[in-house]
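Asker: Pasting in a structure now, in structure tokens, and then I'll have a few things to ask.
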Amino acid sequence: MPSAPSVQLYTVRDAIAEDLQGAVARVAEIGFTRVEPYAFVERAEEFERAFAASGVTAPSGHAPVIDSDDPQRTFDAATRLGIGTVIDPFIPSDRWQTADDAYRIADRVNELQELAAQSGLGFGYHNHNWEFSNHVDGRPVYEFFLERLSPAVVLEVDTFWSTVGGADTPALLTGLGERVQFLHIKDGKVAGDIATSLPSSESALVVPDALRAAFENQTPAGQGDVDVAAVLRAAPHALRVVEFDGYAGDVFEGIAESLAWLEANDR
């Protein structure tokens, strides 16, 4: 396996809500040595204690920085936690409708990358499905975003949602090359029209009933419709980050299954 995988802690958000340190300890007991925290700014001290107690590190972390009035506060919290790259996880579909929309987001991301660099950090963006399913002049709106984006900006590709959005994800990753530094690895059913109004992994903790089935159809790696093996081969350099937006079974067992599959198949 290229490197030890990480896990997006939003996956175990219910356990974190009850006992943050205990949840991180359980993740470490499964075998994860790296984690990707979410909403870490407000709970930086708690995350710091939990990471130290469990011996895990956080190469990346999610925070809603694009719309923040005080991005430096996020970057300061990231520095405290040893997070190397801050990733904004979500801009909703209604702001990905035109080329100008994509350019506007890219310009803001470029500004934030420069600010993050002043703190010694990387900065990036994480997609959902609508960046690929929303088209402008027959092209995914994500392509316009990339056209305007500084090459210094880190990309985290959620390989499940890009596939749901209609992308040939292995081809996408091959084309993007070293710009992609992180992959969200999850699996599940990708056929049919999954609503483009799905909440982000940090913007809404309660999944609407109408969308719950789509979330709970997610499966550990290798058990769904995504060609995860081809995805991994297309980006051998990128850090794998296990995630579920929702999972019908025991979520700790689910991430353990994904980790075991990666250990056996990511060569």
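Chain lettering (A, B, ...) mirrors the order of the structure tokens, residue numbering begins at 1 for each chain separately, and ligand numbering begins at 1 in order of display.
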If you count only C-alpha atoms, which residues fall within 8 Å of region 84-90 of chain A, apart from same-chain ones fewer than 5 positions away, as a VMD selection string?

Answerer: chain A and resid 58 to 66 75 78 to 79 120 to 128 154 156 200 to 203

Asker: With only C-alpha atoms counted and 12 Å as the cut-off, give the residues of region 78-185 of chain A in contact with region 245-267 of chain A, each with its shortest interatomic distance in Å and the pair that gives it, as JSON lines.

Answerer:
{"residue": "A:His128", "atom": "CA", "partner": "A:Asp245", "partner_atom": "CA", "distance": 11.1}
{"residue": "A:Asp158", "atom": "CA", "partner": "A:Asp245", "partner_atom": "CA", "distance": 11.1}
{"residue": "A:Phe160", "atom": "CA", "partner": "A:Asp245", "partner_atom": "CA", "distance": 10.4}
{"residue": "A:Trp161", "atom": "CA", "partner": "A:Asp245", "partner_atom": "CA", "distance": 10.5}
{"residue": "A:His184", "atom": "CA", "partner": "A:Asp245", "partner_atom": "CA", "distance": 10.7}
{"residue": "A:Ile185", "atom": "CA", "partner": "A:Ser258", "partner_atom": "CA", "distance": 8.4}

Asker: Could you save those same residues with N, CA and C atoms as a compact mmCIF listing (two decimals), in the first residue's frame?

Answerer:
# COMPACT_ATOMS: atom_id res chain seq x y z
N HIS A 128 -18.24 17.24 -4.48
CA HIS A 128 -19.37 16.31 -4.38
C HIS A 128 -19.75 15.90 -5.81
N ASP A 158 -13.28 13.29 -4.08
CA ASP A 158 -14.17 12.29 -3.51
C ASP A 158 -14.57 11.38 -4.65
N PHE A 160 -16.19 8.57 -4.88
CA PHE A 160 -17.57 8.09 -4.97
C PHE A 160 -18.45 9.15 -5.62
N TRP A 161 -18.38 10.40 -5.11
CA TRP A 161 -19.28 11.43 -5.63
C TRP A 161 -18.91 11.86 -7.04
N HIS A 184 -10.91 10.61 -1.34
CA HIS A 184 -11.91 10.01 -0.46
C HIS A 184 -12.34 8.69 -1.06
N ILE A 185 -12.16 7.64 -0.28
CA ILE A 185 -12.45 6.28 -0.73
C ILE A 185 -13.71 5.79 -0.03

Asker: Which neighbours of region 40-51 of chain A fall inside 9 Å, counting only C-alpha atoms, when residues of the same chain fewer than 6 positions from it are skipped, and could you give them as a PyMOL selection string?

Answerer: chain A and resi 20-25+57-58+61-63+73-78+80-82

Asker: Can you tell me, as a list in words, what residues are no more than 6 Å from Gly165 (chain A) when counting only C-alpha atoms, ignoring any on the same chain fewer than 5 positions away?

Answerer: Asn129, Phe132 and Ser133 of chain A

Asker: Provide the CA of Phe32 (chain A) to CA of Val157 (chain A) distance in Å, to one decimal place.

Answerer: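 Computed distance, CA of Phe32 (chain A) to CA of Val157 (chain A), equals 20.2 Å.
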
Asker: Counting only C-alpha atoms, which of A:Arg148, A:Ala116, A:Asp70, A:Leu155 gets nearest to Ala99 (chain A)?

Answerer: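 Ranked by minimum distance to Ala99 (chain A), first place goes to A:Arg148.
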
Asker: Taking only C-alpha atoms into account, name the residue in A:Phe144, A:Glu18, A:Leu239, A:Gln113 that is nearest to Glu178 (chain A).

Answerer: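 Among the listed residues, A:Leu239 lies closest to Glu178 (chain A).
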
Asker: Would you compute the distance between CA of Asp14 (chain A) and CA of Asp67 (chain A)? Give it in Å to one decimal.

Answerer: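 CA of Asp14 (chain A) sits 25.6 Å away from CA of Asp67 (chain A).
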
Asker: Please, what distance in Å, to one decimal, runs between CA of Val242 (chain A) and CA of Pro5 (chain A)?

Answerer: 7.2 Å

Asker: Give me, as a PyMOL selection string, all polymer residues having an atom no more than 10 Å from His135 (chain A), counting only C-alpha atoms and skipping those fewer than 4 positions away in the same chain.

Answerer: chain A and resi 96-99+130-131+139-144

Asker: Write to file, as a CSV table (one decimal), in the first residue's frame, the residues of the selection just made, with all heavy atoms.

Answerer:
chain,number,residue,atom,x,y,z
A,96,TRP,N,-22.7,26.4,-8.4
A,96,TRP,CA,-21.9,25.7,-9.4
A,96,TRP,C,-22.8,25.6,-10.7
A,96,TRP,O,-22.9,24.6,-11.3
A,96,TRP,CB,-21.5,24.3,-9.0
A,96,TRP,CG,-20.5,24.3,-8.0
A,96,TRP,CD1,-20.6,24.1,-6.6
A,96,TRP,CD2,-19.0,24.4,-8.1
A,96,TRP,NE1,-19.5,24.1,-6.0
A,96,TRP,CE2,-18.4,24.2,-6.9
A,96,TRP,CE3,-18.2,24.5,-9.3
A,96,TRP,CZ2,-17.1,24.3,-6.7
A,96,TRP,CZ3,-16.8,24.5,-9.1
A,96,TRP,CH2,-16.3,24.4,-7.8
A,97,GLN,N,-23.4,26.7,-11.1
A,97,GLN,CA,-24.3,26.7,-12.2
A,97,GLN,C,-23.7,27.2,-13.5
A,97,GLN,O,-24.2,26.8,-14.6
A,97,GLN,CB,-25.6,27.5,-11.9
A,97,GLN,CG,-26.4,26.9,-10.7
A,97,GLN,CD,-26.9,25.5,-11.0
A,97,GLN,OE1,-27.5,25.2,-12.1
A,97,GLN,NE2,-26.7,24.6,-10.1
A,98,THR,N,-22.8,28.1,-13.5
A,98,THR,CA,-22.2,28.8,-14.7
A,98,THR,C,-20.7,28.8,-14.6
A,98,THR,O,-20.1,28.5,-13.6
A,98,THR,CB,-22.7,30.3,-14.7
A,98,THR,OG1,-22.1,31.0,-13.7
A,98,THR,CG2,-24.2,30.4,-14.6
A,99,ALA,N,-20.1,29.1,-15.8
A,99,ALA,CA,-18.7,29.3,-15.8
A,99,ALA,C,-18.2,30.4,-14.8
A,99,ALA,O,-17.2,30.2,-14.1
A,99,ALA,CB,-18.2,29.5,-17.2
A,130,TRP,N,-22.2,17.3,-7.8
A,130,TRP,CA,-22.8,18.3,-8.7
A,130,TRP,C,-21.7,19.0,-9.5
A,130,TRP,O,-22.0,19.6,-10.6
A,130,TRP,CB,-23.6,19.3,-7.9
A,130,TRP,CG,-23.0,19.8,-6.7
A,130,TRP,CD1,-22.1,20.8,-6.5
A,130,TRP,CD2,-23.3,19.4,-5.3
A,130,TRP,NE1,-21.8,21.0,-5.2
A,130,TRP,CE2,-22.5,20.1,-4.5
A,130,TRP,CE3,-24.2,18.4,-4.8
A,130,TRP,CZ2,-22.5,19.9,-3.1
A,130,TRP,CZ3,-24.2,18.2,-3.4
A,130,TRP,CH2,-23.4,19.0,-2.6
A,131,GLU,N,-20.5,19.1,-9.0
A,131,GLU,CA,-19.4,19.7,-9.8
A,131,GLU,C,-19.2,19.0,-11.1
A,131,GLU,O,-18.7,19.5,-12.1
A,131,GLU,CB,-18.1,19.7,-9.0
A,131,GLU,CG,-18.1,20.7,-7.8
A,131,GLU,CD,-18.5,20.0,-6.5
A,131,GLU,OE1,-19.1,18.9,-6.6
A,131,GLU,OE2,-18.2,20.5,-5.5
A,139,ARG,N,-20.0,20.8,-20.9
A,139,ARG,CA,-18.8,20.4,-20.1
A,139,ARG,C,-19.1,20.5,-18.6
A,139,ARG,O,-19.9,21.3,-18.1
A,139,ARG,CB,-17.6,21.3,-20.4
A,139,ARG,CG,-17.2,21.3,-21.8
A,139,ARG,CD,-16.2,22.5,-22.0
A,139,ARG,NE,-15.1,22.5,-21.1
A,139,ARG,CZ,-14.3,23.5,-20.9
A,139,ARG,NH1,-14.5,24.7,-21.5
A,139,ARG,NH2,-13.2,23.4,-20.0
A,140,PRO,N,-18.6,19.5,-17.8
A,140,PRO,CA,-18.8,19.6,-16.4
A,140,PRO,C,-18.3,21.0,-15.8
A,140,PRO,O,-17.2,21.4,-16.2
A,140,PRO,CB,-18.0,18.4,-15.8
A,140,PRO,CG,-17.9,17.5,-16.9
A,140,PRO,CD,-17.8,18.3,-18.2
A,141,VAL,N,-19.0,21.6,-14.9
A,141,VAL,CA,-18.6,22.9,-14.4
A,141,VAL,C,-17.3,22.8,-13.7
A,141,VAL,O,-16.5,23.8,-13.6
A,141,VAL,CB,-19.7,23.5,-13.6
A,141,VAL,CG1,-19.9,22.8,-12.3
A,141,VAL,CG2,-19.5,25.0,-13.3
A,142,TYR,N,-16.9,21.6,-13.2
A,142,TYR,CA,-15.6,21.5,-12.5
A,142,TYR,C,-14.5,21.8,-13.5
A,142,TYR,O,-13.4,22.3,-13.0
A,142,TYR,CB,-15.5,20.0,-12.1
A,142,TYR,CG,-14.4,19.7,-11.1
A,142,TYR,CD1,-14.4,20.1,-9.8
A,142,TYR,CD2,-13.3,18.9,-11.5
A,142,TYR,CE1,-13.4,19.8,-8.9
A,142,TYR,CE2,-12.3,18.6,-10.6
A,142,TYR,CZ,-12.4,19.1,-9.3
A,142,TYR,OH,-11.4,18.8,-8.4
A,143,GLU,N,-14.6,21.6,-14.8
A,143,GLU,CA,-13.6,21.9,-15.7
A,143,GLU,C,-13.2,23.4,-15.8
A,143,GLU,O,-12.1,23.8,-15.9
A,143,GLU,CB,-13.9,21.4,-17.1
A,143,GLU,CG,-14.0,19.9,-17.2
A,143,GLU,CD,-14.2,19.4,-18.6
A,143,GLU,OE1,-14.2,20.2,-19.6
A,143,GLU,OE2,-14.4,18.1,-18.8
A,144,PHE,N,-14.3,24.2,-15.6
A,144,PHE,CA,-14.1,25.6,-15.6
A,144,PHE,C,-13.4,26.1,-14.3
A,144,PHE,O,-12.5,27.0,-14.4
A,144,PHE,CB,-15.4,26.4,-15.8
A,144,PHE,CG,-16.1,26.1,-17.1
A,144,PHE,CD1,-17.0,25.1,-17.3
A,144,PHE,CD2,-15.8,27.0,-18.2
A,144,PHE,CE1,-17.6,24.8,-18.5
A,144,PHE,CE2,-16.4,26.7,-19.4
A,144,PHE,CZ,-17.3,25.7,-19.5

Asker: My list of candidates is A:Ala17, A:Ala230, A:Val153, A:Ala238. Which is closest to Leu115 (chain A) when distances are computed with only C-alpha atoms?

Answerer: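 Closest to Leu115 (chain A), using only C-alpha atoms: A:Val153.
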
Asker: As a VMD selection string, please: every residue in region 3-175 of chain A that a backbone DSSP assignment puts in alpha helix (DSSP H).

Answerer: chain A and resid 13 to 18 20 to 30 44 to 54 71 to 81 99 to 118 130 to 133 141 to 148 159 to 164 169 to 175

Asker: Once DSSP has gone over the backbone, tell me which residues of region 35-193 of chain A are in strand (DSSP E), as a list in words.

Answerer: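 Selecting the strand (DSSP E) positions of region 35-193 of chain A gives Ser60, Gly61, His62, Thr85, Val86, Ile87, Asp88, Gly122, Phe123, Gly124, Tyr125, His126, His135, Val136, Arg139, Pro140, Val154, Leu155, Glu156, Val157, Asp158, Val180, Gln181, Phe182, Leu183, His184 and Ile185 of chain A.
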
Asker: Which of these residues is nearest to Ala15 (chain A), using only C-alpha atoms: A:Val109, A:Ile91, A:Pro71, A:Val27?

Answerer: A:Val27

Asker: Could you check which of A:Thr163, A:Gly224, A:Asp187, A:Ala152 is closest to Glu114 (chain A), using only C-alpha atoms?

Answerer: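 Using only C-alpha atoms, the shortest distance to Glu114 (chain A) belongs to A:Ala152.
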
Asker: So which one's closest to Arg26 (chain A), A:Ala106, A:Leu146, A:Leu9, A:Ala39? Using only C-alpha atoms, please.

Answerer: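 Of all the options, A:Leu9 lies closest to Arg26 (chain A).
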